[in-house]
Structure formats: C-alpha cells, structure tokens
$ cat query29.cif   # mmCIF, C-alpha atoms
data_final
loop_
_atom_site.label_atom_id
_atom_site.label_comp_id
_atom_site.auth_asym_id
_atom_site.auth_seq_id
_atom_site.Cartn_x
_atom_site.Cartn_y
_atom_site.Cartn_z
CA MET O 1 230.02 189.85 149.92
CA LEU O 2 231.14 186.82 147.97
CA GLY O 3 233.32 184.27 149.69
CA ILE O 4 236.45 186.07 148.56
CA LYS O 5 239.41 185.95 150.93
CA LEU O 6 241.91 188.74 151.33
CA SER O 7 244.70 186.21 150.91
CA GLU O 8 243.36 185.38 147.44
CA ILE O 9 243.34 189.04 146.47
CA ALA O 10 246.87 189.51 147.81
CA THR O 11 248.07 186.44 145.94
CA PHE O 12 246.56 187.64 142.66
CA LEU O 13 248.27 191.01 143.10
CA ALA O 14 251.57 189.27 143.82
CA VAL O 15 251.25 187.35 140.55
CA ALA O 16 250.43 190.53 138.64
CA GLU O 17 253.34 192.44 140.18
CA ALA O 18 255.89 189.63 139.95
CA GLY O 19 254.86 188.72 136.40
CA SER O 20 254.70 185.00 137.06
CA ILE O 21 253.34 182.30 139.37
CA ASN O 22 256.88 181.35 140.32
CA GLY O 23 257.80 184.93 141.21
CA ALA O 24 254.68 185.32 143.35
CA ALA O 25 255.42 182.05 145.12
CA ARG O 26 258.89 183.27 146.06
CA ARG O 27 257.54 186.61 147.23
CA LEU O 28 254.81 185.03 149.37
CA ASN O 29 256.85 182.04 150.54
CA LEU O 30 254.26 179.66 149.10
CA THR O 31 254.45 176.74 146.72
CA GLN O 32 253.50 177.33 143.09
CA PRO O 33 250.45 175.01 143.35
CA ALA O 34 249.23 176.98 146.38
CA VAL O 35 249.48 180.26 144.44
CA THR O 36 247.65 178.71 141.48
CA ARG O 37 244.84 177.43 143.70
CA GLN O 38 244.30 180.80 145.35
CA VAL O 39 244.07 182.60 142.01
CA GLN O 40 241.68 179.94 140.69
CA ARG O 41 239.44 180.34 143.74
CA LEU O 42 239.36 184.11 143.23
CA GLU O 43 238.46 183.62 139.56
CA ALA O 44 235.65 181.23 140.53
CA GLU O 45 234.22 183.67 143.06
CA LEU O 46 234.34 186.56 140.61
CA GLY O 47 233.24 184.59 137.59
CA LEU O 48 236.15 186.07 135.65
CA ILE O 49 239.29 184.76 133.99
CA LEU O 50 242.11 186.87 135.37
CA LEU O 51 245.09 185.03 133.85
CA ASP O 52 245.55 183.76 130.30
CA ARG O 53 247.21 180.43 130.92
CA ARG O 54 247.83 179.77 127.24
CA SER O 55 250.93 181.95 127.61
CA LYS O 56 254.00 180.79 129.51
CA PRO O 57 254.19 182.37 132.00
CA PRO O 58 250.49 183.28 132.22
CA VAL O 59 249.63 186.89 131.41
CA LEU O 60 246.83 189.11 132.64
CA THR O 61 243.62 189.13 130.69
CA ALA O 62 241.72 192.37 130.11
CA ALA O 63 239.59 191.51 133.15
CA GLY O 64 242.74 190.83 135.16
CA ARG O 65 244.18 194.22 134.27
CA ASP O 66 240.92 195.92 135.25
CA ALA O 67 240.86 194.03 138.54
CA ILE O 68 244.32 195.11 139.70
CA GLU O 69 243.38 198.59 140.85
CA GLN O 70 240.19 197.36 142.53
CA CYS O 71 242.16 194.73 144.42
CA ARG O 72 244.71 197.30 145.55
CA ARG O 73 241.94 199.55 146.82
CA ILE O 74 240.46 196.69 148.83
CA LEU O 75 243.76 195.89 150.52
CA ASP O 76 244.44 199.57 151.15
CA ALA O 77 240.99 199.95 152.71
CA VAL O 78 241.72 197.01 155.01
CA ASP O 79 245.01 198.64 156.00
CA ASP O 80 243.12 201.85 156.79
CA LEU O 81 240.76 199.89 159.04
CA LYS O 82 243.73 198.35 160.82
CA ALA O 83 245.11 201.84 161.34
CA LEU O 84 241.99 202.69 163.34
CA GLY O 85 243.00 199.94 165.71
CA ALA O 86 246.23 201.72 166.49
CA GLY O 87 244.18 203.65 169.05
CA ASP O 88 246.36 206.75 169.17
CA GLY O 89 245.91 207.52 165.49
CA GLY O 90 249.31 206.03 164.75
CA THR O 91 250.40 204.97 161.27
CA ALA O 92 249.57 201.38 160.39
CA GLY O 93 249.17 199.20 157.33
CA ARG O 94 251.25 197.55 154.64
CA LEU O 95 254.20 199.58 153.33
CA ARG O 96 255.56 198.32 150.01
CA LEU O 97 259.14 199.44 149.47
CA GLY O 98 261.48 198.96 146.54
CA PHE O 99 265.23 199.53 146.57
CA ALA O 100 267.65 199.88 143.68
CA HIS O 101 269.90 196.81 143.54
CA GLY O 102 272.93 198.91 144.42
CA VAL O 103 271.60 200.23 147.71
CA VAL O 104 269.39 197.44 149.01
CA ASP O 105 272.08 195.71 151.08
CA LEU O 106 272.96 198.98 152.78
CA ALA O 107 269.55 200.62 153.04
CA VAL O 108 267.78 197.67 154.67
CA THR O 109 270.08 197.73 157.69
CA ARG O 110 269.78 200.53 160.25
CA PRO O 111 267.08 202.55 158.43
CA ILE O 112 264.73 199.55 158.30
CA ASP O 113 265.44 198.70 161.94
CA ASP O 114 264.65 202.29 162.91
CA LEU O 115 261.46 202.22 160.83
CA ARG O 116 260.20 199.03 162.46
CA THR O 117 260.88 200.46 165.92
CA ALA O 118 259.16 203.77 165.21
CA PHE O 119 256.15 202.24 163.40
CA PRO O 120 255.40 198.83 164.92
CA MET O 121 251.96 198.73 163.28
CA VAL O 122 253.43 199.00 159.77
CA ALA O 123 254.04 195.71 157.97
CA LEU O 124 256.91 195.94 155.49
CA GLN O 125 257.05 194.37 152.04
CA ILE O 126 260.54 194.86 150.58
CA GLY O 127 261.88 194.13 147.12
CA SER O 128 264.67 195.29 144.81
CA GLY O 129 265.05 196.09 141.13
CA TRP O 130 266.57 198.44 138.57
CA THR O 131 265.76 202.11 139.02
CA GLY O 132 263.61 202.30 135.86
CA GLU O 133 261.53 199.34 136.97
CA LEU O 134 261.03 200.79 140.44
CA ILE O 135 259.88 204.14 139.04
CA ASP O 136 257.25 202.35 136.95
CA GLN O 137 256.07 200.36 139.97
CA VAL O 138 255.63 203.52 142.07
CA ARG O 139 253.69 205.11 139.22
CA ASP O 140 251.48 202.04 138.84
CA GLY O 141 250.76 201.81 142.56
CA ALA O 142 252.60 198.51 142.97
CA LEU O 143 255.00 200.25 145.39
CA ASP O 144 254.31 202.93 147.97
CA ALA O 145 257.88 204.24 147.79
CA ALA O 146 261.21 203.42 146.18
CA VAL O 147 264.83 204.32 146.88
CA VAL O 148 266.52 204.84 143.52
CA LEU O 149 269.78 206.04 141.98
CA ILE O 150 269.61 208.80 139.35
CA ASP O 151 272.34 210.55 137.36
CA GLN O 152 273.23 213.84 139.04
CA ASP O 153 272.55 215.64 135.77
CA ASP O 154 268.95 214.35 135.78
CA GLN O 155 265.90 215.00 137.92
CA PRO O 156 263.35 212.44 139.16
CA PRO O 157 260.02 212.20 137.30
CA GLN O 158 257.86 215.24 137.94
CA ASP O 159 254.72 213.17 138.43
CA LEU O 160 256.18 211.59 141.58
CA GLN O 161 257.00 213.14 144.94
CA ALA O 162 260.74 212.99 145.53
CA VAL O 163 263.30 213.86 148.19
CA ARG O 164 267.04 213.53 147.73
CA VAL O 165 268.76 211.76 150.63
CA GLY O 166 272.36 211.39 149.51
CA THR O 167 275.02 211.06 146.85
CA GLU O 168 276.71 207.86 145.79
CA PRO O 169 280.31 208.18 144.54
CA VAL O 170 281.11 205.66 141.83
CA TRP O 171 284.56 204.18 141.24
CA ILE O 172 286.08 203.15 137.96
CA VAL O 173 287.87 199.94 138.91
CA ALA O 174 290.63 198.15 137.01
CA ALA O 175 292.91 195.18 137.54
CA ALA O 176 295.88 196.08 139.72
CA HIS O 177 298.36 194.01 137.73
CA ALA O 178 297.03 194.07 134.17
CA THR O 179 295.85 196.61 131.60
CA PRO O 180 292.35 195.93 130.27
CA ALA O 181 291.91 195.75 126.51
CA GLY O 182 291.50 199.14 124.87
CA LEU O 183 292.57 201.24 127.87
CA ILE O 184 295.06 203.90 126.71
CA LEU O 185 297.47 204.79 129.55
CA ASN O 186 300.22 206.70 127.66
CA GLY O 187 302.53 206.32 130.62
CA LEU O 188 300.03 207.67 133.18
CA ALA O 189 299.33 205.70 136.34
CA GLY O 190 295.69 206.69 136.63
CA ASP O 191 296.15 207.49 140.31
CA ALA O 192 295.20 210.70 142.10
CA ALA O 193 298.52 212.34 141.21
CA HIS O 194 298.46 211.24 137.58
CA PRO O 195 294.81 210.98 136.46
CA LEU O 196 293.92 209.72 133.02
CA PRO O 197 292.28 211.95 130.43
CA VAL O 198 288.71 210.90 129.77
CA GLU O 199 289.72 210.02 126.18
CA ALA O 200 291.67 207.08 127.60
CA LEU O 201 288.35 205.30 128.15
CA MET O 202 287.08 205.65 124.59
CA LYS O 203 288.08 202.17 123.44
CA ALA O 204 288.26 200.38 126.79
CA SER O 205 286.41 197.13 127.45
CA TRP O 206 283.93 197.04 130.34
CA VAL O 207 282.49 194.50 132.75
CA LEU O 208 279.07 195.82 133.76
CA ASN O 209 275.68 194.92 135.10
CA PRO O 210 273.02 194.34 132.41
CA GLU O 211 271.22 197.21 130.70
CA GLY O 212 268.79 198.84 133.09
CA CYS O 213 271.49 199.31 135.70
CA GLY O 214 272.19 202.96 136.52
CA TYR O 215 275.96 202.47 136.23
CA HIS O 216 275.62 200.94 132.79
CA MET O 217 273.55 203.90 131.60
CA VAL O 218 275.86 206.51 133.16
CA ILE O 219 279.08 205.34 131.48
CA GLN O 220 277.26 204.73 128.20
CA ARG O 221 275.92 208.27 128.27
CA HIS O 222 279.36 209.77 129.01
CA LEU O 223 281.04 207.85 126.19
CA GLU O 224 278.32 208.75 123.70
CA ARG O 225 278.67 212.43 124.60
CA MET O 226 282.34 212.19 123.59
CA GLY O 227 281.46 210.47 120.34
CA GLY O 228 282.54 207.09 121.63
CA ARG O 229 280.77 203.78 122.01
CA LEU O 230 280.42 201.50 125.01
CA ASN O 231 282.35 198.26 124.50
CA VAL O 232 280.96 195.63 126.89
CA ALA O 233 283.24 192.63 127.28
CA ALA O 234 280.94 190.92 129.78
CA GLU O 235 277.53 191.59 131.33
CA VAL O 236 277.19 190.05 134.77
CA LEU O 237 274.70 190.24 137.61
CA GLY O 238 276.40 190.18 140.98
CA PRO O 239 279.39 192.13 142.35
CA ASP O 240 281.52 189.08 143.23
CA ILE O 241 281.55 187.77 139.67
CA GLN O 242 282.04 191.27 138.28
CA LEU O 243 285.04 192.01 140.52
CA SER O 244 286.62 188.65 139.76
CA LEU O 245 286.49 189.35 136.02
CA ILE O 246 287.80 192.88 136.47
CA ALA O 247 290.69 191.60 138.59
CA ARG O 248 291.64 189.22 135.76
CA GLY O 249 291.86 192.10 133.30
CA VAL O 250 288.69 191.36 131.32
CA GLY O 251 287.66 195.02 131.45
CA LEU O 252 286.99 198.08 133.55
CA GLY O 253 284.03 198.26 135.89
CA LEU O 254 281.90 200.76 137.77
CA VAL O 255 281.82 199.35 141.27
CA PRO O 256 281.08 200.66 144.78
CA GLY O 257 284.17 201.21 146.87
CA ARG O 258 282.72 199.24 149.78
CA ARG O 259 282.29 196.28 147.44
CA VAL O 260 285.97 196.44 146.54
CA ALA O 261 287.01 196.56 150.19
CA GLN O 262 284.85 193.52 150.98
CA SER O 263 285.92 191.53 147.93
CA ALA O 264 288.25 188.54 148.06
CA ALA O 265 289.91 190.12 145.01
CA ALA O 266 290.54 193.48 146.73
CA ASN O 267 294.34 193.19 146.47
CA ASP O 268 294.05 192.61 142.72
CA LEU O 269 291.96 195.73 142.07
CA ARG O 270 292.63 199.45 141.91
CA GLN O 271 290.64 202.62 141.43
CA LEU O 272 291.28 204.58 138.24
CA ASN O 273 291.19 208.34 138.52
CA VAL O 274 289.94 210.12 135.40
CA ALA O 275 290.31 213.89 135.15
CA GLY O 276 287.05 215.83 135.08
CA LEU O 277 284.82 212.75 135.21
CA ASN O 278 282.25 212.69 138.01
CA LEU O 279 280.17 209.53 137.98
CA SER O 280 278.33 210.16 141.24
CA LEU O 281 274.67 209.19 141.40
CA ALA O 282 272.02 210.91 143.48
CA VAL O 283 269.98 208.82 145.93
CA TRP O 284 266.27 209.71 145.88
CA VAL O 285 263.22 208.47 147.75
CA LEU O 286 260.24 208.49 145.39
CA ARG O 287 256.59 208.09 146.32
CA SER O 288 253.19 208.29 144.74
CA SER O 289 250.52 210.72 145.88
CA LEU O 290 248.44 207.62 146.63
CA SER O 291 250.70 206.73 149.57
CA SER O 292 249.69 209.70 151.73
CA ARG O 293 248.29 207.51 154.53
CA LEU O 294 251.79 206.08 155.02
CA SER O 295 253.61 209.39 154.64
CA PRO O 296 254.88 209.51 158.25
CA ALA O 297 256.60 206.15 157.81
CA ILE O 298 258.08 207.10 154.43
CA ASP O 299 259.27 210.44 155.83
CA HIS O 300 260.95 208.60 158.70
CA LEU O 301 262.69 206.22 156.29
CA ALA O 302 263.92 209.12 154.15
CA ALA O 303 265.34 210.88 157.21
CA SER O 304 267.11 207.70 158.34
CA LEU O 305 268.60 207.20 154.88
CA ALA O 306 269.85 210.79 154.81
CA ILE O 307 271.60 210.22 158.14
CA LEU O 308 273.12 207.00 156.86
CA TRP O 309 274.54 208.67 153.77
CA SER O 310 275.84 211.72 155.63
CA ASP O 311 277.50 209.93 158.57
CA PRO O 312 281.26 209.83 157.86
CA ALA O 313 281.73 207.38 160.72
CA GLY O 314 278.96 205.07 159.58
CA ASP O 315 278.56 202.66 156.71
CA VAL O 316 278.84 205.31 153.99
CA GLY O 317 281.54 207.94 153.93
CA ALA O 318 284.16 209.60 151.79
CA ASP O 319 285.91 206.32 151.11
CA THR O 320 282.81 204.25 150.43
CA ALA O 321 280.56 204.17 147.45
CA ALA O 322 277.41 202.35 146.50
CA GLU O 323 276.23 200.47 143.51
CA ALA O 324 273.46 201.43 141.11
#
$ encode --input "query29.cif" --output "structure tokens"
Amino acid sequence: MLGIKLSEIATFLAVAEAGSINGAARRLNLTQPAVTRQVQRLEAELGLILLDRRSKPPVLTAAGRDAIEQCRRILDAVDDLKALGAGDGGTAGRLRLGFAHGVVDLAVTRPIDDLRTAFPMVALQIGSGWTGELIDQVRDGALDAAVVLIDQDDQPPQDLQAVRVGTEPVWIVAAAHATPAGLILNGLAGDAAHPLPVEALMKASWVLNPEGCGYHMVIQRHLERMGGRLNVAAEVLGPDIQLSLIARGVGLGLVPGRRVAQSAAANDLRQLNVAGLNLSLAVWVLRSSLSSRLSPAIDHLAASLAILWSDPAGDVGADTAAEA
C-alpha cells in the first residue's frame, strides 16, 4: 500500500467531522500546523485534493467527500483487527459517542466509568452538541451512538436504532424577587398551590440557549400551538450566564433543577408552576446499524444511563432535572 499512515486518515476525518482545521486540532490535541501537515501528506500520497483551501475555513472537495466513507471503513477495519487481539472475543475498537449539551456533564460520570471498566479494550471518543446535530452525525457514520433529548410528543428517527433510557423534567425558572417583562401573574404566585395558567406565558420574555437547543424548540412549539410567539430577550450559551440573567429579571428560562441548586444565584431564582404544562424531555440512546460490532458496549452504556436516571438516591431524581 502507499505510505499512508492511519494517523493521517484519522486527522482528515477529524477535520471533516469538526468542519475546520482548528476544530480538528482541539479534538486531537494537536497544533493547527500539525493537522495541516498530516492532511497535506495524505493528499500527496493519494494524489488528490481533499480540502478546498480557497474557503475560510477550508471545505471538502468532491474527492474529499468521496474519501470520507472509505477512510471510515479503513479505521473500522483496523478496529476489527484489534478486536481479534482481545483473545476472548471481547469487544474492542474505537467508540465514538455524542451527548446532548444538557446531559453531557451528568452522563459522562458513572456510566462512562462503568463502560471503561467493563470494556477495557474500547477506546472512547466523546463529544457534545445539539440533538439535531448529533442525529445527523449518527446517520452519517461520524458517531457510533448519541445520547439525545427529544420532546415526549415526538419519536426518534425511524432510520436509527433507539432505546429510551429516561425522562428529563424541565423547570420554568424566574427571578425570585422580580417579575420578568410580559409575564402575567394576575395575583397568582405561580407556586404548586397557585399555578399559573399557560396563557400567562404568552407575552413573557425568555432567556434561552440558541436555536437548535431542545428547550428552545419545546417552548417555541408550545407557544405557537396556543397562537403565541416566542419572545427571546437574550440568547446565551452556558447555564451560569443564563441563570444570572434570569435572576436579574431579564426573562424566564428553561433550566435543569440541578443547575439551579448548584448556581451562585440559587437564592435569587424560583420555579414557576404552570397548570397543564409538561415540558419533560425523553432521553434516548440512538445508534446506526453500522455500529453493530460495538453493540455490547453501547448496550452497556444504555443500561448504565437508565440506572442513573431511575435512581432516586443518585444524581437524578424527582427534584433534579437536566438540560437539553
């Protein structure tokens, strides 16, 4: 075979999946020049131009797009060979996992520790993203499996294998000492004893994650069903900034309860109860049919996640929620 190195193939795939040299460098813990050199060496060996560098950031050429699947097959074949070395037929290889932003901090704790103990020959590659992005990456073969959050009224894509592992309650959070613009209280406290009617939210301002976030889509969908319109006062990425703005009365937010409890602004926040409004999201593990060789490891992860979400004494319980 040509003098192609597996590291060059892996680096090219990282660039394709991350969408930029910089993103690949962060993923691989390399410098940008090192990533560029590896891709250039692969291009020289193949006699092909894989990246159009006239664009900033560079984009895949037609040859680069064609090469992606071939490169993935090569790395998968190498992983299969490594699995033979497990001796007892055990599962081995590279397992590429994606987690929705709202669950990654929780899901990569005990479940990942259990997975590494049970499958020591499996090398993990872990990333996070919005649910829609992760679904596309599983479809495209960039991920072997993804843990995503989906509206309880919806089902996961039928072209992917899916198992539901839990339910994420979602809190509507407001400032404890101020009324956000547009929120109609009409003398109601919005607590468990005096919940607000859903119409009270029709003109309220919101502090939300950017579009693509499951929470953003859920509240937008509910308001549109009532003939209303989502009024976003601020789009932020990161729970600390979001909770700080909510606490100052900038708007309402959809925030995990555990985030509120951990926040420095916890004493300045409160949960709003809205009659008849269930904003829970379902937690699903999605996988492609192409990931069958790693099915035992993915099954183990799904089982560990289900335990995590069902354990009332653990990290997730009746008084804790998670973020989309």
$ resolve_selection --input "query29.cif" --expression "the PyMOL selection byres ((chain O and resi 185) around 12)" --output "PyMOL selection string"
chain O and resi 178-184+186-191+194-204+272-274
$ resolve_selection --input "query29.cif" --expression "the PyMOL selection byres ((chain O and resi 250-255) around 7)" --output "ChimeraX atom specification"
/O:170-174,180-181,205-208,215,233,245-246,248-249,256-257,259,323
$ atom_distance --input "query29.cif" --atom1 "atom CA of O:Ile74" --atom2 "atom CA of O:Thr36"
20.7 Å
$ closest_residue --input "query29.cif" --among "O:Ala10, O:Glu43, O:Ala25, O:Thr91" --to "O:Leu75" --atoms "only C-alpha atoms"
O:Ala10
$ atom_distance --input "query29.cif" --atom1 "atom CA of O:Cys71" --atom2 "atom CA of O:Gln32"
20.8 Å
$ resolve_selection --input "query29.cif" --expression "the PyMOL selection byres ((chain O and resi 135) around 12)" --output "PyMOL selection string"
chain O and resi 97-100+128-134+136-150+156-162+212+284-288
$ build_atoms --input "query29.cif" --residues "stretch 106-117 of chain O" --atoms "all heavy atoms" --output "short mmCIF file (atom, residue, chain, number, x, y, z; two decimals), keeping the file's coordinate frame"
data_model
loop_
_atom_site.label_atom_id
_atom_site.label_comp_id
_atom_site.auth_asym_id
_atom_site.auth_seq_id
_atom_site.Cartn_x
_atom_site.Cartn_y
_atom_site.Cartn_z
N LEU O 106 272.62 197.96 151.81
CA LEU O 106 272.96 198.98 152.78
C LEU O 106 271.72 199.59 153.41
O LEU O 106 271.64 199.78 154.62
CB LEU O 106 273.79 200.08 152.10
CG LEU O 106 274.40 201.15 153.00
CD1 LEU O 106 275.42 200.53 153.94
CD2 LEU O 106 275.07 202.22 152.14
N ALA O 107 270.73 199.88 152.58
CA ALA O 107 269.55 200.62 153.04
C ALA O 107 268.65 199.80 153.95
O ALA O 107 267.89 200.36 154.74
CB ALA O 107 268.75 201.13 151.84
N VAL O 108 268.69 198.48 153.84
CA VAL O 108 267.78 197.67 154.67
C VAL O 108 268.42 197.26 155.99
O VAL O 108 267.98 196.35 156.65
CB VAL O 108 267.29 196.41 153.91
CG1 VAL O 108 266.55 196.79 152.66
CG2 VAL O 108 268.46 195.48 153.58
N THR O 109 269.45 198.00 156.39
CA THR O 109 270.08 197.73 157.69
C THR O 109 269.48 198.67 158.74
O THR O 109 268.36 198.50 159.17
CB THR O 109 271.60 197.88 157.59
OG1 THR O 109 271.92 199.18 157.05
CG2 THR O 109 272.17 196.81 156.67
N ARG O 110 270.24 199.64 159.18
CA ARG O 110 269.78 200.53 160.25
C ARG O 110 268.48 201.28 159.92
O ARG O 110 267.60 201.39 160.79
CB ARG O 110 270.89 201.55 160.60
CG ARG O 110 272.11 200.91 161.25
CD ARG O 110 273.12 201.95 161.64
NE ARG O 110 273.44 202.84 160.53
CZ ARG O 110 274.43 203.74 160.56
NH1 ARG O 110 275.15 203.88 161.63
NH2 ARG O 110 274.67 204.49 159.52
N PRO O 111 268.33 201.82 158.71
CA PRO O 111 267.08 202.55 158.43
C PRO O 111 265.82 201.69 158.59
O PRO O 111 264.81 202.16 159.09
CB PRO O 111 267.26 203.01 156.97
CG PRO O 111 268.74 203.13 156.81
CD PRO O 111 269.30 201.98 157.60
N ILE O 112 265.90 200.43 158.16
CA ILE O 112 264.73 199.55 158.30
C ILE O 112 264.51 199.19 159.76
O ILE O 112 263.37 199.14 160.24
CB ILE O 112 264.90 198.29 157.44
CG1 ILE O 112 264.84 198.65 155.95
CG2 ILE O 112 263.83 197.26 157.78
CD1 ILE O 112 263.51 199.25 155.51
N ASP O 113 265.59 198.97 160.50
CA ASP O 113 265.44 198.70 161.94
C ASP O 113 264.79 199.88 162.65
O ASP O 113 263.89 199.71 163.49
CB ASP O 113 266.82 198.42 162.57
CG ASP O 113 267.41 197.10 162.10
OD1 ASP O 113 266.65 196.26 161.59
OD2 ASP O 113 268.64 196.93 162.23
N ASP O 114 265.24 201.09 162.30
CA ASP O 114 264.65 202.29 162.91
C ASP O 114 263.17 202.42 162.55
O ASP O 114 262.34 202.81 163.37
CB ASP O 114 265.40 203.54 162.44
CG ASP O 114 266.82 203.60 162.98
OD1 ASP O 114 267.11 202.86 163.93
OD2 ASP O 114 267.62 204.39 162.44
N LEU O 115 262.85 202.11 161.29
CA LEU O 115 261.46 202.22 160.83
C LEU O 115 260.56 201.26 161.58
O LEU O 115 259.45 201.62 162.00
CB LEU O 115 261.41 201.95 159.32
CG LEU O 115 260.04 202.07 158.64
CD1 LEU O 115 259.51 203.49 158.75
CD2 LEU O 115 260.15 201.65 157.18
N ARG O 116 261.01 200.03 161.77
CA ARG O 116 260.20 199.03 162.46
C ARG O 116 259.99 199.41 163.92
O ARG O 116 258.93 199.18 164.50
CB ARG O 116 260.86 197.65 162.37
CG ARG O 116 260.89 197.10 160.96
CD ARG O 116 261.58 195.73 160.88
NE ARG O 116 260.86 194.74 161.67
CZ ARG O 116 261.34 194.15 162.74
NH1 ARG O 116 262.55 194.46 163.19
NH2 ARG O 116 260.64 193.26 163.40
N THR O 117 261.01 200.02 164.53
CA THR O 117 260.88 200.46 165.92
C THR O 117 259.90 201.62 166.06
O THR O 117 259.07 201.66 166.97
CB THR O 117 262.26 200.87 166.48
OG1 THR O 117 263.15 199.76 166.42
CG2 THR O 117 262.14 201.34 167.92
#
